[in-house]
file target_4.csv (CSV, C-alpha atoms)
chain,number,residue,atom,x,y,z
A,540,MET,CA,114.6,64.6,45.1
A,541,ARG,CA,112.9,61.3,45.9
A,542,LYS,CA,115.7,59.3,44.4
A,543,LEU,CA,118.2,61.3,46.4
A,544,MET,CA,116.3,60.5,49.6
A,545,CYS,CA,116.1,56.8,48.8
A,546,LYS,CA,119.9,56.8,48.2
A,547,LEU,CA,120.5,58.6,51.4
A,548,MET,CA,118.3,56.1,53.4
A,549,HIS,CA,120.1,53.2,51.7
A,550,TRP,CA,123.4,54.7,52.7
A,551,VAL,CA,122.3,55.2,56.3
A,552,LYS,CA,121.0,51.7,56.6
A,553,THR,CA,124.3,50.3,55.1
A,554,CYS,CA,126.3,52.3,57.6
A,555,ALA,CA,124.1,51.1,60.5
A,556,VAL,CA,124.5,47.5,59.5
A,557,MET,CA,128.3,47.9,59.1
A,558,ALA,CA,128.5,49.6,62.5
A,559,VAL,CA,126.6,46.7,64.1
A,560,LEU,CA,128.8,44.1,62.4
A,561,PHE,CA,131.9,46.0,63.5
A,562,ALA,CA,130.7,46.1,67.1
A,563,VAL,CA,129.9,42.4,67.1
A,564,LEU,CA,133.2,41.5,65.5
A,565,THR,CA,135.0,43.7,68.1
A,566,ALA,CA,133.1,42.0,70.9
A,567,VAL,CA,134.0,38.6,69.6
A,568,LEU,CA,137.7,39.4,69.2
A,569,LEU,CA,137.9,40.9,72.7
A,570,THR,CA,136.1,38.0,74.2
A,571,ALA,CA,138.4,35.6,72.4
A,572,GLY,CA,141.4,37.6,73.5
A,573,GLY,CA,140.2,37.8,77.1
A,574,TYR,CA,139.6,34.0,77.2
A,575,GLN,CA,143.1,33.3,75.9
A,576,THR,CA,144.5,35.7,78.6
A,577,TYR,CA,142.5,33.8,81.3
A,578,GLN,CA,143.7,30.4,80.1
A,579,ARG,CA,147.3,31.6,79.9
A,580,ALA,CA,147.1,33.0,83.4
A,581,LEU,CA,145.5,29.9,84.8
A,582,SER,CA,148.1,27.6,83.1
A,583,GLU,CA,150.9,29.7,84.6
A,584,ARG,CA,149.4,29.8,88.1
A,585,PRO,CA,146.6,27.3,88.8
A,586,ILE,CA,144.1,28.4,91.5
A,587,ALA,CA,145.3,25.6,93.8
A,588,ALA,CA,148.8,27.0,93.6
A,589,VAL,CA,147.7,30.5,94.3
A,590,ILE,CA,145.8,29.4,97.4
A,591,ARG,CA,148.7,27.4,98.6
A,592,ASP,CA,151.1,30.3,98.2
A,593,ILE,CA,148.9,32.7,100.1
A,594,GLN,CA,148.2,30.2,102.9
A,595,ALA,CA,152.0,29.4,103.2
A,596,GLN,CA,152.7,32.9,104.5
A,597,ALA,CA,153.9,32.9,108.2
A,598,SER,CA,151.4,35.6,109.1
A,599,TYR,CA,148.3,33.9,107.4
A,600,ILE,CA,145.3,33.8,109.7
A,601,SER,CA,141.9,32.1,109.3
A,602,LEU,CA,138.7,34.1,108.9
A,603,SER,CA,137.5,32.9,112.3
A,604,GLN,CA,140.4,34.9,113.9
A,605,VAL,CA,139.4,38.2,112.3
A,606,PRO,CA,137.1,40.5,114.4
A,607,GLN,CA,133.6,40.8,113.0
A,608,ILE,CA,133.8,44.6,112.8
A,609,TYR,CA,136.8,44.3,110.5
A,610,LYS,CA,135.0,41.9,108.2
A,611,ASN,CA,131.9,44.2,108.2
A,612,ALA,CA,134.1,47.2,107.4
A,613,VAL,CA,135.7,45.5,104.4
A,614,LEU,CA,132.4,44.3,103.1
A,615,ALA,CA,130.8,47.7,103.5
A,616,VAL,CA,133.5,49.7,101.8
A,617,GLU,CA,134.5,47.1,99.1
A,618,ASP,CA,131.7,44.8,98.3
A,619,PRO,CA,128.4,45.1,100.4
A,620,ARG,CA,126.6,42.4,98.3
A,621,PHE,CA,129.6,40.0,98.4
A,622,TYR,CA,127.5,37.1,99.9
A,623,GLN,CA,124.6,37.7,97.4
A,624,HIS,CA,126.3,37.9,94.0
A,625,LYS,CA,128.3,35.3,92.0
A,626,GLY,CA,131.5,37.3,91.7
A,627,ILE,CA,130.3,40.1,89.5
A,628,ASP,CA,128.0,42.7,91.0
A,629,LEU,CA,126.1,44.2,88.0
A,630,LEU,CA,124.3,46.7,90.3
A,631,ALA,CA,127.6,48.0,91.6
A,632,ILE,CA,128.9,48.4,88.1
A,633,ALA,CA,125.7,50.3,87.1
A,634,GLU,CA,126.1,52.5,90.2
A,635,ALA,CA,129.8,53.2,89.3
A,636,VAL,CA,128.9,54.1,85.7
A,637,VAL,CA,126.3,56.6,86.9
A,638,ARG,CA,128.8,58.0,89.4
A,639,ASP,CA,131.4,58.4,86.8
A,640,ILE,CA,129.0,60.2,84.4
A,641,ARG,CA,127.9,62.5,87.2
A,642,GLU,CA,131.4,63.3,88.3
A,643,ARG,CA,132.7,63.3,84.7
A,644,ARG,CA,135.7,61.1,85.6
A,645,LEU,CA,136.5,57.5,86.3
A,646,ALA,CA,135.7,57.8,90.0
A,647,ALA,CA,134.7,54.2,90.7
A,648,GLY,CA,135.1,50.8,89.2
A,649,GLY,CA,132.5,48.6,90.9
A,650,SER,CA,134.9,45.7,91.3
A,651,THR,CA,133.9,43.0,93.8
A,652,ILE,CA,136.2,41.3,96.3
A,653,THR,CA,136.5,38.3,94.0
A,654,GLN,CA,137.5,40.5,91.1
A,655,GLN,CA,140.1,42.3,93.2
A,656,LEU,CA,141.5,39.0,94.3
A,657,CYS,CA,141.7,37.8,90.6
A,658,LYS,CA,143.3,41.1,89.5
A,659,ASN,CA,145.9,41.0,92.3
A,660,GLN,CA,146.9,37.4,91.9
A,661,PHE,CA,146.6,36.7,88.1
A,662,PHE,CA,146.7,39.9,86.1
A,663,THR,CA,148.4,43.3,85.8
A,664,GLN,CA,146.7,46.5,87.0
A,665,LYS,CA,146.5,47.9,83.4
A,666,LYS,CA,142.9,48.8,82.4
A,667,LEU,CA,142.6,46.8,79.3
A,668,PHE,CA,139.3,45.4,77.8
A,669,THR,CA,140.9,41.9,77.3
A,670,ARG,CA,142.1,41.9,80.9
A,671,LYS,CA,138.6,42.8,82.2
A,672,ILE,CA,137.1,40.0,80.1
A,673,ALA,CA,139.8,37.5,81.4
A,674,GLU,CA,138.9,38.7,84.9
A,675,VAL,CA,135.3,37.6,84.4
A,676,PHE,CA,136.3,34.1,83.4
A,677,MET,CA,138.7,33.9,86.3
A,678,VAL,CA,136.1,35.2,88.8
A,679,ARG,CA,133.8,32.4,87.6
A,680,GLU,CA,136.6,29.9,88.2
A,681,ILE,CA,137.4,31.1,91.7
A,682,GLU,CA,133.7,31.3,92.7
A,683,GLN,CA,133.3,27.7,91.7
A,684,HIS,CA,136.5,26.6,93.3
A,685,CYS,CA,136.1,28.4,96.7
A,686,THR,CA,133.4,29.2,99.2
A,687,LYS,CA,132.6,32.9,99.9
A,688,ASP,CA,134.3,32.7,103.3
A,689,GLU,CA,137.4,31.2,101.6
A,690,ILE,CA,137.5,34.0,99.1
A,691,LEU,CA,137.3,36.6,101.8
A,692,GLU,CA,140.0,34.9,103.8
A,693,LEU,CA,142.3,34.8,100.8
A,694,TYR,CA,141.6,38.5,100.1
A,695,ILE,CA,142.3,39.6,103.6
A,696,ASN,CA,145.6,37.7,103.6
A,697,SER,CA,146.9,39.0,100.3
A,698,ILE,CA,146.1,42.7,100.0
A,699,TYR,CA,148.6,45.5,100.6
A,700,TYR,CA,148.1,47.6,103.7
A,701,GLY,CA,151.1,50.0,103.1
A,702,ASN,CA,154.5,50.3,104.8
A,703,GLY,CA,155.5,46.8,103.6
A,704,TYR,CA,152.6,44.9,105.2
A,705,TYR,CA,150.8,42.4,102.9
A,706,THR,CA,148.6,40.7,105.4
A,707,LEU,CA,146.2,41.9,108.1
A,708,ALA,CA,148.3,40.2,110.8
A,709,ASP,CA,151.4,42.1,109.6
A,710,ALA,CA,149.5,45.4,109.4
A,711,GLY,CA,148.0,44.9,112.9
A,712,ALA,CA,151.4,44.1,114.4
A,713,GLY,CA,153.3,46.8,112.5
A,714,TYR,CA,150.9,49.7,113.0
A,715,PHE,CA,149.5,48.9,116.4
A,716,GLY,CA,151.8,46.2,117.9
A,717,LYS,CA,148.7,43.9,118.3
A,718,ALA,CA,147.6,40.5,117.2
A,719,VAL,CA,144.5,40.6,114.9
A,720,ALA,CA,142.2,39.3,117.6
A,721,GLU,CA,143.2,42.2,119.9
A,722,LEU,CA,142.4,45.0,117.4
A,723,ASN,CA,139.7,47.3,118.6
A,724,ALA,CA,137.0,48.9,116.5
A,725,TRP,CA,139.0,52.1,115.7
A,726,GLU,CA,142.0,50.1,114.6
A,727,CYS,CA,139.9,47.7,112.5
A,728,THR,CA,138.0,50.4,110.6
A,729,LEU,CA,141.2,52.2,109.9
A,730,LEU,CA,142.9,49.1,108.5
A,731,ALA,CA,139.9,48.3,106.4
A,732,GLY,CA,140.3,51.5,104.4
A,733,LEU,CA,144.1,51.2,103.7
A,734,PRO,CA,144.1,48.8,100.7
A,735,ASN,CA,142.2,51.4,98.6
A,736,ALA,CA,145.4,53.5,98.3
A,737,PRO,CA,147.9,52.0,100.8
A,738,SER,CA,150.9,54.2,100.0
A,739,ALA,CA,148.8,57.3,100.5
A,740,TYR,CA,146.8,56.1,103.5
A,741,ALA,CA,149.5,54.4,105.6
A,742,PRO,CA,148.8,56.0,109.0
A,743,THR,CA,152.5,56.2,109.9
A,744,LYS,CA,153.1,58.4,106.8
A,745,ASN,CA,149.8,60.3,106.5
A,746,PRO,CA,147.6,59.9,109.6
A,747,GLU,CA,145.2,62.7,108.5
A,748,LEU,CA,144.5,61.0,105.1
A,749,ALA,CA,144.2,57.7,106.9
A,750,ARG,CA,141.5,59.1,109.2
A,751,LYS,CA,139.6,60.7,106.3
A,752,ARG,CA,139.6,57.3,104.6
A,753,GLN,CA,138.4,55.7,107.9
A,754,ALA,CA,135.5,58.2,108.0
A,755,GLN,CA,134.5,57.0,104.5
A,756,VAL,CA,134.6,53.4,105.7
A,757,LEU,CA,132.4,54.2,108.7
A,758,ASP,CA,130.0,56.1,106.5
A,759,ALA,CA,129.7,53.0,104.3
A,760,MET,CA,129.1,50.9,107.3
A,761,VAL,CA,126.3,53.2,108.4
A,762,LYS,CA,124.8,53.2,104.9
A,763,HIS,CA,124.8,49.4,104.7
A,764,LYS,CA,123.5,49.1,108.3
A,765,PHE,CA,126.5,47.5,109.8
A,766,LEU,CA,126.6,50.3,112.3
A,767,THR,CA,124.4,53.1,113.5
A,768,ALA,CA,125.5,56.7,113.1
A,769,GLN,CA,126.0,57.0,116.8
A,770,GLN,CA,128.2,53.9,116.9
A,771,ALA,CA,130.3,55.3,114.0
A,772,LYS,CA,130.7,58.6,115.8
A,773,GLU,CA,131.9,56.8,119.0
A,774,ILE,CA,134.4,54.8,117.0
A,775,LEU,CA,136.0,57.9,115.5
A,776,GLN,CA,136.3,59.4,119.0
A,777,GLN,CA,138.6,56.5,120.0
A,778,CYS,CA,141.5,57.8,117.9
A,779,PRO,CA,144.8,57.4,119.8
A,780,GLU,CA,146.7,60.6,120.4
A,781,LYS,CA,149.7,59.5,118.2
A,782,PHE,CA,147.4,59.5,115.1
A,783,LEU,CA,145.8,62.9,115.8
call {"tool": "encode", "arguments": {"input": "target_4.csv", "output": "structure tokens"}}
result
Amino acid sequence: MRKLMCKLMHWVKTCAVMAVLFAVLTAVLLTAGGYQTYQRALSERPIAAVIRDIQAQASYISLSQVPQIYKNAVLAVEDPRFYQHKGIDLLAIAEAVVRDIRERRLAAGGSTITQQLCKNQFFTQKKLFTRKIAEVFMVREIEQHCTKDEILELYINSIYYGNGYYTLADAGAGYFGKAVAELNAWECTLLAGLPNAPSAYAPTKNPELARKRQAQVLDAMVKHKFLTAQQAKEILQQCPEKFL
């Protein structure tokens, strides 16, 4: 019996060592694959070229032209610690994992604004481990290459707002017939929620869903102290009749 127990313990230890070695080898291979993906993407489209392409759009606007409430809305709903982290928000990732476990589904990803910019400009939308690792390398590259304000400006000018609008200026003109500087608080908070699912939330196609998403944006702004609950309530009450 004693010999059998010794053999069993030896087998368990061997299996444990093999499992650790397998995990380490897998991590090394994935990291190497991710780094290669990052290098390939960067060689095909250098960061300077990506910035130049985004800025070359006729409807490109500077961050100084964007209403502060729109910037606050984007930060609140997408990346509230944007100006504190280095491109990867470990706390947001941990919160997303806890939420996913609690809801028993992939409900949130914890991606920062810099990560979203990287994914949209350099990689596919496929959820691959190698792509996520490549994204980490690219995030580091962008954070070293650009200031936070520059990253936010590039993001605002390159995300999809639905209905064929790929910049904030196009979305403001298309949905409301206004220049960005003329957008009011209701319009800004509505637009800030669209990129999460632009085809579904486009207010010209589904105003009810767009308003529900806007309410989530305002809740996030209250949570992160960009607005008071009363201010958020007053903004919701400004809804134009055509979107009711």
call {"tool": "closest_residue", "arguments": {"input": "target_4.csv", "among": "A:Ile774, A:Phe715, A:Ala720, A:Pro746", "to": "A:Val761", "atoms": "only C-alpha atoms"}}
result
A:Ile774
call {"tool": "residues_near_point", "arguments": {"input": "target_4.csv", "point": "(152.6, 45.4, 108.6)", "cutoff": "12 Å", "atoms": "only C-alpha atoms", "output": "mmCIF file with C-alpha atoms, in the coordinates of the input"}}
result
data_model
loop_
_atom_site.group_PDB
_atom_site.id
_atom_site.type_symbol
_atom_site.label_atom_id
_atom_site.label_comp_id
_atom_site.auth_asym_id
_atom_site.auth_seq_id
_atom_site.Cartn_x
_atom_site.Cartn_y
_atom_site.Cartn_z
ATOM 1 C CA SER A 598 151.400 35.600 109.100
ATOM 2 C CA ASN A 696 145.600 37.700 103.600
ATOM 3 C CA SER A 697 146.900 39.000 100.300
ATOM 4 C CA ILE A 698 146.100 42.700 100.000
ATOM 5 C CA TYR A 699 148.600 45.500 100.600
ATOM 6 C CA TYR A 700 148.100 47.600 103.700
ATOM 7 C CA GLY A 701 151.100 50.000 103.100
ATOM 8 C CA ASN A 702 154.500 50.300 104.800
ATOM 9 C CA GLY A 703 155.500 46.800 103.600
ATOM 10 C CA TYR A 704 152.600 44.900 105.200
ATOM 11 C CA TYR A 705 150.800 42.400 102.900
ATOM 12 C CA THR A 706 148.600 40.700 105.400
ATOM 13 C CA LEU A 707 146.200 41.900 108.100
ATOM 14 C CA ALA A 708 148.300 40.200 110.800
ATOM 15 C CA ASP A 709 151.400 42.100 109.600
ATOM 16 C CA ALA A 710 149.500 45.400 109.400
ATOM 17 C CA GLY A 711 148.000 44.900 112.900
ATOM 18 C CA ALA A 712 151.400 44.100 114.400
ATOM 19 C CA GLY A 713 153.300 46.800 112.500
ATOM 20 C CA TYR A 714 150.900 49.700 113.000
ATOM 21 C CA PHE A 715 149.500 48.900 116.400
ATOM 22 C CA GLY A 716 151.800 46.200 117.900
ATOM 23 C CA LYS A 717 148.700 43.900 118.300
ATOM 24 C CA ALA A 718 147.600 40.500 117.200
ATOM 25 C CA VAL A 719 144.500 40.600 114.900
ATOM 26 C CA LEU A 730 142.900 49.100 108.500
ATOM 27 C CA LEU A 733 144.100 51.200 103.700
ATOM 28 C CA PRO A 737 147.900 52.000 100.800
ATOM 29 C CA ALA A 741 149.500 54.400 105.600
ATOM 30 C CA PRO A 742 148.800 56.000 109.000
ATOM 31 C CA THR A 743 152.500 56.200 109.900
#
call {"tool": "residues_around", "arguments": {"input": "target_4.csv", "residues": "stretch 676-693 of chain A", "least_positions_apart": "3", "cutoff": "6 Å", "atoms": "only C-alpha atoms", "output": "list in words"}}
result
Leu602, Gly626, Gln654, Ala673 and Asn696 of chain A
call {"tool": "closest_residue", "arguments": {"input": "target_4.csv", "among": "A:Gln594, A:Gln655, A:Gln753, A:Thr728", "to": "A:Ile608", "atoms": "only C-alpha atoms"}}
result
A:Thr728
call {"tool": "atom_distance", "arguments": {"input": "target_4.csv", "atom1": "atom CA of A:Lys772", "atom2": "atom CA of A:Met760"}}
result
11.6 Å
call {"tool": "atom_distance", "arguments": {"input": "target_4.csv", "atom1": "atom CA of A:Leu783", "atom2": "atom CA of A:Phe765"}}
result
25.4 Å
call {"tool": "atom_distance", "arguments": {"input": "target_4.csv", "atom1": "atom CA of A:Val675", "atom2": "atom CA of A:Pro585"}}
result
15.9 Å
call {"tool": "closest_residue", "arguments": {"input": "target_4.csv", "among": "A:Glu726, A:Ala768, A:Ile593, A:Arg620", "to": "A:Tyr694", "atoms": "all atoms listed in the file"}}
result
A:Ile593
call {"tool": "residues_around", "arguments": {"input": "target_4.csv", "residues": "A:Arg584", "least_positions_apart": "4", "cutoff": "12 Å", "atoms": "all atoms listed in the file", "output": "VMD selection string"}}
result
chain A and resid 577 to 580 588 to 592 657 660 to 662 677
call {"tool": "closest_residue", "arguments": {"input": "target_4.csv", "among": "A:Ser738, A:Phe782, A:Gln623, A:Thr653", "to": "A:Arg750", "atoms": "all atoms listed in the file"}}
result
A:Phe782
call {"tool": "closest_residue", "arguments": {"input": "target_4.csv", "among": "A:Thr576, A:Pro779, A:His763, A:Glu773", "to": "A:Thr669", "atoms": "all atoms listed in the file"}}
result
A:Thr576
call {"tool": "residues_around", "arguments": {"input": "target_4.csv", "residues": "A:Val613", "least_positions_apart": "3", "cutoff": "10 Å", "atoms": "only C-alpha atoms", "output": "short mmCIF file (atom, residue, chain, number, x, y, z; two decimals) with C-alpha atoms, in the coordinates of the input"}}
result
data_model
loop_
_atom_site.label_atom_id
_atom_site.label_comp_id
_atom_site.auth_asym_id
_atom_site.auth_seq_id
_atom_site.Cartn_x
_atom_site.Cartn_y
_atom_site.Cartn_z
CA ILE A 608 133.80 44.60 112.80
CA TYR A 609 136.80 44.30 110.50
CA LYS A 610 135.00 41.90 108.20
CA VAL A 616 133.50 49.70 101.80
CA GLU A 617 134.50 47.10 99.10
CA ASP A 618 131.70 44.80 98.30
CA PRO A 619 128.40 45.10 100.40
CA ILE A 652 136.20 41.30 96.30
CA LEU A 691 137.30 36.60 101.80
CA ILE A 695 142.30 39.60 103.60
CA CYS A 727 139.90 47.70 112.50
CA THR A 728 138.00 50.40 110.60
CA LEU A 730 142.90 49.10 108.50
CA ALA A 731 139.90 48.30 106.40
CA GLY A 732 140.30 51.50 104.40
CA PRO A 734 144.10 48.80 100.70
CA VAL A 756 134.60 53.40 105.70
CA ALA A 759 129.70 53.00 104.30
CA MET A 760 129.10 50.90 107.30
#
